[in-house]
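File shown here: start.txt, holding compact mmCIF, C-alpha atoms.
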# COMPACT_ATOMS: atom_id res chain seq x y z
CA MET A 333 14.34 15.20 2.28
CA ILE A 334 16.64 13.19 0.02
CA ALA A 335 18.81 12.28 3.01
CA LEU A 336 15.73 11.20 4.96
CA LEU A 337 14.51 9.05 2.06
CA ALA A 338 17.97 7.48 1.74
CA ARG A 339 17.87 6.74 5.47
CA GLU A 340 14.47 5.04 5.11
CA LEU A 341 15.77 2.87 2.28
CA ARG A 342 18.91 1.92 4.23
CA LEU A 343 16.79 0.89 7.21
CA ALA A 344 14.60 -1.22 4.95
CA LEU A 345 17.64 -2.95 3.47
CA ARG A 346 19.02 -3.68 6.93
CA HIS A 347 15.68 -5.02 8.16
CA PRO A 348 13.98 -6.69 5.16
CA ALA A 349 11.51 -8.68 7.26
CA ASP A 350 8.69 -6.14 6.81
CA THR A 351 8.97 -6.23 3.03
CA LEU A 352 9.30 -10.01 2.88
CA SER A 353 6.34 -10.55 5.20
CA ALA A 354 4.13 -8.27 3.09
CA VAL A 355 5.08 -10.02 -0.16
CA MET A 356 4.69 -13.49 1.36
CA PHE A 357 1.29 -12.56 2.78
CA PHE A 358 0.17 -11.32 -0.65
CA VAL A 359 1.33 -14.45 -2.48
CA LEU A 360 0.00 -16.83 0.18
CA VAL A 361 -3.46 -15.26 0.08
CA ALA A 362 -3.48 -15.67 -3.70
CA ALA A 363 -2.31 -19.28 -3.33
CA MET A 364 -4.86 -20.18 -0.64
CA PHE A 365 -7.86 -18.49 -2.22
CA PRO A 366 -8.49 -21.26 -4.79
CA PHE A 367 -8.74 -23.77 -1.94
CA GLY A 368 -11.59 -21.73 -0.44
CA VAL A 369 -13.67 -21.10 -3.55
CA GLY A 370 -12.77 -24.17 -5.57
CA PRO A 371 -10.51 -24.75 -8.57
CA SER A 372 -12.95 -23.55 -11.24
CA PRO A 373 -10.87 -21.47 -13.71
CA GLU A 374 -13.84 -19.30 -14.70
CA LEU A 375 -14.69 -18.48 -11.08
CA LEU A 376 -11.08 -17.67 -10.23
CA THR A 377 -10.76 -15.40 -13.26
CA ARG A 378 -13.91 -13.52 -12.28
CA LEU A 379 -12.81 -13.07 -8.66
CA ALA A 380 -9.12 -12.40 -9.35
CA PRO A 381 -9.29 -8.57 -9.72
CA GLY A 382 -10.90 -7.98 -6.35
CA VAL A 383 -8.76 -10.58 -4.61
CA LEU A 384 -5.54 -9.08 -5.96
CA LEU A 385 -6.42 -5.56 -4.83
CA ALA A 386 -7.72 -6.58 -1.41
CA ALA A 387 -4.78 -8.90 -0.69
CA ALA A 388 -2.22 -6.31 -1.81
CA LEU A 389 -3.68 -3.54 0.34
CA LEU A 390 -3.96 -5.79 3.39
CA ALA A 391 -0.36 -6.87 2.86
CA ALA A 392 0.78 -3.24 2.57
CA LEU A 393 -0.90 -2.52 5.91
CA LEU A 394 1.40 -4.88 7.80
CA PRO A 395 4.42 -2.54 8.17
CA LEU A 396 2.40 0.66 8.61
CA ASP A 397 2.19 0.59 12.40
CA ARG A 398 6.00 0.87 12.52
CA LEU A 399 6.11 3.89 10.19
CA PHE A 400 6.51 6.33 13.09
CA GLY A 401 6.26 4.01 16.09
CA ALA A 402 9.85 2.77 16.26
CA GLU A 403 11.27 6.28 15.92
CA ALA A 404 8.86 7.66 18.50
CA GLU A 405 10.10 5.04 20.98
CA ASP A 406 13.82 5.78 20.59
CA GLY A 407 13.43 9.56 20.32
CA SER A 408 14.64 9.93 16.73
CA LEU A 409 11.22 11.21 15.65
CA ASP A 410 11.67 14.23 17.94
CA GLN A 411 15.04 14.88 16.33
CA LEU A 412 13.45 14.72 12.87
CA LEU A 413 10.81 17.23 13.93
CA LEU A 414 13.58 19.55 15.15
CA SER A 415 15.67 19.12 12.01
CA GLY A 416 14.05 22.01 10.15
CA LEU A 417 11.97 19.86 7.82
CA HIS A 418 8.26 20.59 7.84
CA PRO A 419 6.35 17.75 9.55
CA ALA A 420 4.26 17.32 6.39
CA ALA A 421 7.46 16.83 4.39
CA ILE A 422 8.61 14.19 6.88
CA ALA A 423 5.27 12.38 6.52
CA ALA A 424 5.47 12.60 2.71
CA VAL A 425 8.97 11.07 2.70
CA LYS A 426 7.81 8.35 5.06
CA ALA A 427 4.90 7.55 2.74
CA LEU A 428 7.22 7.46 -0.28
CA GLY A 429 9.64 5.20 1.57
CA HIS A 430 6.81 2.86 2.51
CA TRP A 431 5.66 2.66 -1.10
CA ILE A 432 9.18 2.01 -2.43
CA THR A 433 9.92 -0.71 0.13
CA THR A 434 6.45 -2.32 0.22
CA GLY A 435 4.38 -1.19 -2.76
CA ILE A 436 6.97 -1.82 -5.47
CA PRO A 437 7.78 -5.37 -4.23
CA LEU A 438 4.04 -6.11 -4.22
CA VAL A 439 3.79 -4.85 -7.80
CA LEU A 440 6.69 -7.09 -8.81
CA ALA A 441 4.96 -10.05 -7.15
CA THR A 442 1.69 -9.36 -8.99
CA PRO A 443 2.35 -11.67 -11.99
CA LEU A 444 2.89 -14.63 -9.66
CA ALA A 445 -0.28 -13.90 -7.70
CA ALA A 446 -2.19 -13.29 -10.94
CA ALA A 447 -1.06 -16.65 -12.32
CA LEU A 448 -2.23 -18.39 -9.14
CA LEU A 449 -5.66 -16.77 -9.62
CA ASN A 450 -5.87 -17.69 -13.32
CA LEU A 451 -5.90 -14.06 -14.48
CA PRO A 452 -5.27 -13.83 -18.26
CA THR A 453 -1.74 -12.73 -19.09
CA GLU A 454 -3.00 -9.81 -21.17
CA ALA A 455 -4.41 -8.30 -17.97
CA TRP A 456 -1.14 -8.53 -16.01
CA PRO A 457 0.21 -5.08 -17.05
CA ALA A 458 -3.06 -3.42 -16.02
CA ALA A 459 -2.99 -5.37 -12.75
CA MET A 460 0.52 -4.16 -12.00
CA LEU A 461 -0.42 -0.55 -12.75
CA ALA A 462 -3.61 -0.79 -10.69
CA LEU A 463 -1.76 -2.30 -7.73
CA GLY A 464 1.00 0.29 -8.00
CA LEU A 465 -1.49 3.16 -7.83
CA ALA A 466 -3.59 1.51 -5.11
CA SER A 467 -0.55 0.78 -2.94
CA ALA A 468 0.62 4.40 -3.38
CA ILE A 469 -2.79 5.62 -2.24
CA LEU A 470 -2.61 3.30 0.78
CA SER A 471 0.90 4.55 1.62
CA VAL A 472 -0.25 8.17 1.58
CA PHE A 473 -3.36 7.54 3.65
CA GLY A 474 -1.40 5.11 5.83
CA ALA A 475 1.15 7.77 6.76
CA ALA A 476 -1.69 10.01 7.92
CA GLY A 477 -3.30 7.16 9.83
CA ALA A 478 -0.03 6.12 11.45
CA ALA A 479 0.57 9.71 12.60
CA LEU A 480 -2.97 10.05 13.96
CA THR A 481 -2.77 6.80 15.93
CA LEU A 482 0.80 7.39 17.17
CA GLY A 483 0.87 6.82 20.90
CA ALA A 484 -2.77 5.73 21.04
CA ARG A 485 -3.84 2.62 22.85
CA ARG A 486 -4.40 -0.25 20.44
CA GLY A 487 -3.06 1.92 17.63
CA GLY A 488 -2.38 -1.18 15.56
CA VAL A 489 -6.11 -1.98 15.68
CA LEU A 490 -7.25 1.58 14.95
CA LEU A 491 -4.93 2.04 11.99
CA PRO A 492 -6.68 -0.38 9.58
CA LEU A 493 -10.06 1.02 10.63
CA LEU A 494 -8.91 4.50 9.59
CA VAL A 495 -7.02 3.62 6.42
CA LEU A 496 -9.00 0.83 4.74
CA PRO A 497 -12.29 2.77 4.29
CA LEU A 498 -10.34 5.57 2.57
CA SER A 499 -8.80 3.02 0.22
CA ILE A 500 -12.11 1.52 -0.95
CA PRO A 501 -12.33 3.72 -4.10
CA ALA A 502 -8.84 2.56 -5.09
CA VAL A 503 -10.00 -1.06 -4.78
CA ILE A 504 -13.13 -0.39 -6.83
CA PHE A 505 -11.39 1.39 -9.71
CA GLY A 506 -8.34 -0.88 -9.63
CA ALA A 507 -10.46 -4.02 -9.79
CA ALA A 508 -12.53 -2.47 -12.59
CA ALA A 509 -9.34 -1.73 -14.56
CA ILE A 510 -8.11 -5.31 -14.20
CA GLU A 511 -11.51 -6.74 -15.11
CA ALA A 512 -11.69 -4.50 -18.18
CA ALA A 513 -8.23 -5.60 -19.32
CA ALA A 514 -9.13 -9.26 -18.78
CA SER A 515 -12.26 -8.77 -20.92
CA GLY A 516 -10.34 -7.12 -23.74
CA LEU A 517 -11.62 -3.62 -22.92
CA GLU A 518 -9.70 -0.41 -22.25
CA PRO A 519 -8.56 -0.13 -18.58
CA ARG A 520 -7.26 3.44 -18.99
CA PRO A 521 -10.35 5.31 -17.63
CA TYR A 522 -10.27 3.39 -14.37
CA LEU A 523 -6.52 3.81 -13.99
CA LEU A 524 -6.93 7.55 -14.54
CA LEU A 525 -9.53 7.66 -11.79
CA GLU A 526 -7.08 5.91 -9.48
CA ALA A 527 -4.40 8.41 -10.45
CA ALA A 528 -6.83 11.26 -9.69
CA ILE A 529 -7.41 9.90 -6.20
CA LEU A 530 -3.66 9.72 -5.66
CA ALA A 531 -3.19 13.27 -6.98
CA LEU A 532 -5.80 14.49 -4.50
CA ALA A 533 -4.50 12.51 -1.53
CA ALA A 534 -0.78 13.09 -2.06
CA PRO A 535 -0.76 16.77 -0.98
CA LEU A 536 -3.55 16.58 1.60
CA ALA A 537 -2.76 13.45 3.62
CA PRO A 538 0.83 14.52 4.53
CA LEU A 539 -0.56 17.85 5.79
CA ALA A 540 -2.91 15.95 8.10
CA ALA A 541 -0.06 13.67 9.19
CA GLY A 542 2.18 16.67 9.83
CA ALA A 543 -0.46 18.33 11.99
CA ALA A 544 -0.85 15.10 13.97
CA LEU A 545 2.92 14.83 14.48
CA ARG A 546 3.05 18.42 15.77
CA GLY A 547 0.15 17.67 18.09
CA ASP A 548 -2.09 20.31 16.53
This structure in structure tokens:
Amino acid sequence: MIALLARELRLALRHPADTLSAVMFFVLVAAMFPFGVGPSPELLTRLAPGVLLAAALLAALLPLDRLFGAEAEDGSLDQLLLSGLHPAAIAAVKALGHWITTGIPLVLATPLAAALLNLPTEAWPAAMLALGLASAILSVFGAAGAALTLGARRGGVLLPLLVLPLSIPAVIFGAAAIEAAASGLEPRPYLLLEAAILALAAPLAPLAAGAALRGD
């Protein structure tokens, strides 16, 4: 599993376009949003939590359709399935690799996006934690969705339809945590709820992905 994760990270370093496109999409949405709703600082501050979460999750979706697709095309996925690793373990490593190469860069870009949306600086740490947990949840559910839509017609269209509804609770609790921090309240309860969702999804979603990869 460690060797597989190292391979995923090496591939991401050799082909950084997926990571860069996700981060640029996230920042550009944050930069363009004020043009759509107006430059009112109060309005931007009120809308910033939801915009940050929605933009980050949509950005993290961009590389998901290639999670298993490229390896299925060149046959390396079949070799991975014959390597002795359980398919669920392969899916879990893929999800972890996606979060490291996409989720963490989005978290690091959060202060810039938050500044563009006039989010108070005292809420930035909570925003980074909320986005980190939400992107991890999306990576786990995304691995399952990518496995389920592998080989399907219009899989790139089906994937967001499967993954985004499952990520709605992460958006709700993450936005609530950021809003609480911006209002001077304690964001910890909402972050704990996000962590609980991740703790529930982390063992279950890879099992579903593994079953899909086996063709069960």
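Nearest residue to Gly416 in chain A, choosing from A:Val355, A:Met333, A:Ala466, A:Ala537 and counting only C-alpha atoms: A:Met333.
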Distance table requested - range 419-489 of chain A against range 337-348 of chain A, cut-off 7 Å, all atoms listed in the file: one row per qualifying residue with the closest atom pair and its distance in Å to one decimal, ordered by chain and rising residue number, as a tab-separated table.
residue	atom	partner	partner_atom	distance
A:Val425	CA	A:Leu337	CA	5.9
A:Gly429	CA	A:Glu340	CA	6.0
A:Thr433	CA	A:Ala344	CA	6.7
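Residue nearest Ala362 in chain A, chosen from A:Pro443, A:Pro395, A:Gly435, A:Gly477 and counting all atoms listed in the file: A:Pro443.
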Distance in Å - CA of Arg398 in chain A versus CA of Ala478 in chain A: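 That distance, rounded to one decimal, is 8.1 Å.
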Nearest to Leu496 in chain A, chosen from A:Leu517, A:Met364, A:Leu413, A:Ala391, with only C-alpha atoms counted in the distances: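 Of all the options, A:Ala391 lies closest to Leu496 in chain A.
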Between CA of Val359 in chain A and CA of Ala441 in chain A, what is the distance, to one decimal in Å?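 Result for CA of Val359 in chain A versus CA of Ala441 in chain A: 7.4 Å, one decimal.
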Could you check the closest approach to Leu451 in chain A for each of A:Leu375, A:Ala514, A:Leu385, A:Ala540 and tell me which residue wins, using all atoms listed in the file?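 Using all atoms listed in the file, the shortest distance to Leu451 in chain A belongs to A:Ala514.
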Contacts of Leu394 in chain A within 8 Å, all atoms listed in the file, excl. fewer than 4 positions in-chain, as number ranges by chain: A: 350, 353-354, 390
Nearest-residue call for Ala509 in chain A, choices A:Pro535, A:Pro373, A:Pro381, A:Gly401, using all atoms listed in the file: A:Pro381
In Å to one decimal, how far is CA of Ala462 in chain A from CA of Ala445 in chain A?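 Those two atoms sit 13.9 Å apart.
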Which is closest to Ala479 in chain A among A:Ala386, A:Ile510, A:Ala380, A:Glu403, if we use all atoms listed in the file?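 For Ala479 in chain A, the nearest of the candidates is A:Glu403.
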Long-range neighbours of Leu480 in chain A as a count of residues only, 8 Å cut-off, all atoms listed in the file, 2 positions minimum in chain: 7
Pick out the residues sitting within 10 Å of Leu438 in chain A, and hand them over as a list in words; count all atoms listed in the file, and ignore anything fewer than 6 positions along from it in its own chain.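 Counting only the stated atoms, we get Thr351, Leu352, Ala354, Val355, Met356, Phe357, Phe358, Val359, Ala387, Ala388, Leu389, Ala391, Ala392, Trp431, Ile432, Ala445, Met460, Leu463, Gly464 and Ser467 of chain A.
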Can you write out the residues you just picked, keeping C-alpha atoms, as a PDB file, in the frame of the given file?
ATOM      1  CA  THR A 351       8.970  -6.230   3.030  1.00  0.00           C
ATOM      2  CA  LEU A 352       9.300 -10.010   2.880  1.00  0.00           C
ATOM      3  CA  ALA A 354       4.130  -8.270   3.090  1.00  0.00           C
ATOM      4  CA  VAL A 355       5.080 -10.020  -0.160  1.00  0.00           C
ATOM      5  CA  MET A 356       4.690 -13.490   1.360  1.00  0.00           C
ATOM      6  CA  PHE A 357       1.290 -12.560   2.780  1.00  0.00           C
ATOM      7  CA  PHE A 358       0.170 -11.320  -0.650  1.00  0.00           C
ATOM      8  CA  VAL A 359       1.330 -14.450  -2.480  1.00  0.00           C
ATOM      9  CA  ALA A 387      -4.780  -8.900  -0.690  1.00  0.00           C
ATOM     10  CA  ALA A 388      -2.220  -6.310  -1.810  1.00  0.00           C
ATOM     11  CA  LEU A 389      -3.680  -3.540   0.340  1.00  0.00           C
ATOM     12  CA  ALA A 391      -0.360  -6.870   2.860  1.00  0.00           C
ATOM     13  CA  ALA A 392       0.780  -3.240   2.570  1.00  0.00           C
ATOM     14  CA  TRP A 431       5.660   2.660  -1.100  1.00  0.00           C
ATOM     15  CA  ILE A 432       9.180   2.010  -2.430  1.00  0.00           C
ATOM     16  CA  ALA A 445      -0.280 -13.900  -7.700  1.00  0.00           C
ATOM     17  CA  MET A 460       0.520  -4.160 -12.000  1.00  0.00           C
ATOM     18  CA  LEU A 463      -1.760  -2.300  -7.730  1.00  0.00           C
ATOM     19  CA  GLY A 464       1.000   0.290  -8.000  1.00  0.00           C
ATOM     20  CA  SER A 467      -0.550   0.780  -2.940  1.00  0.00           C
TER      21      SER A 467
END
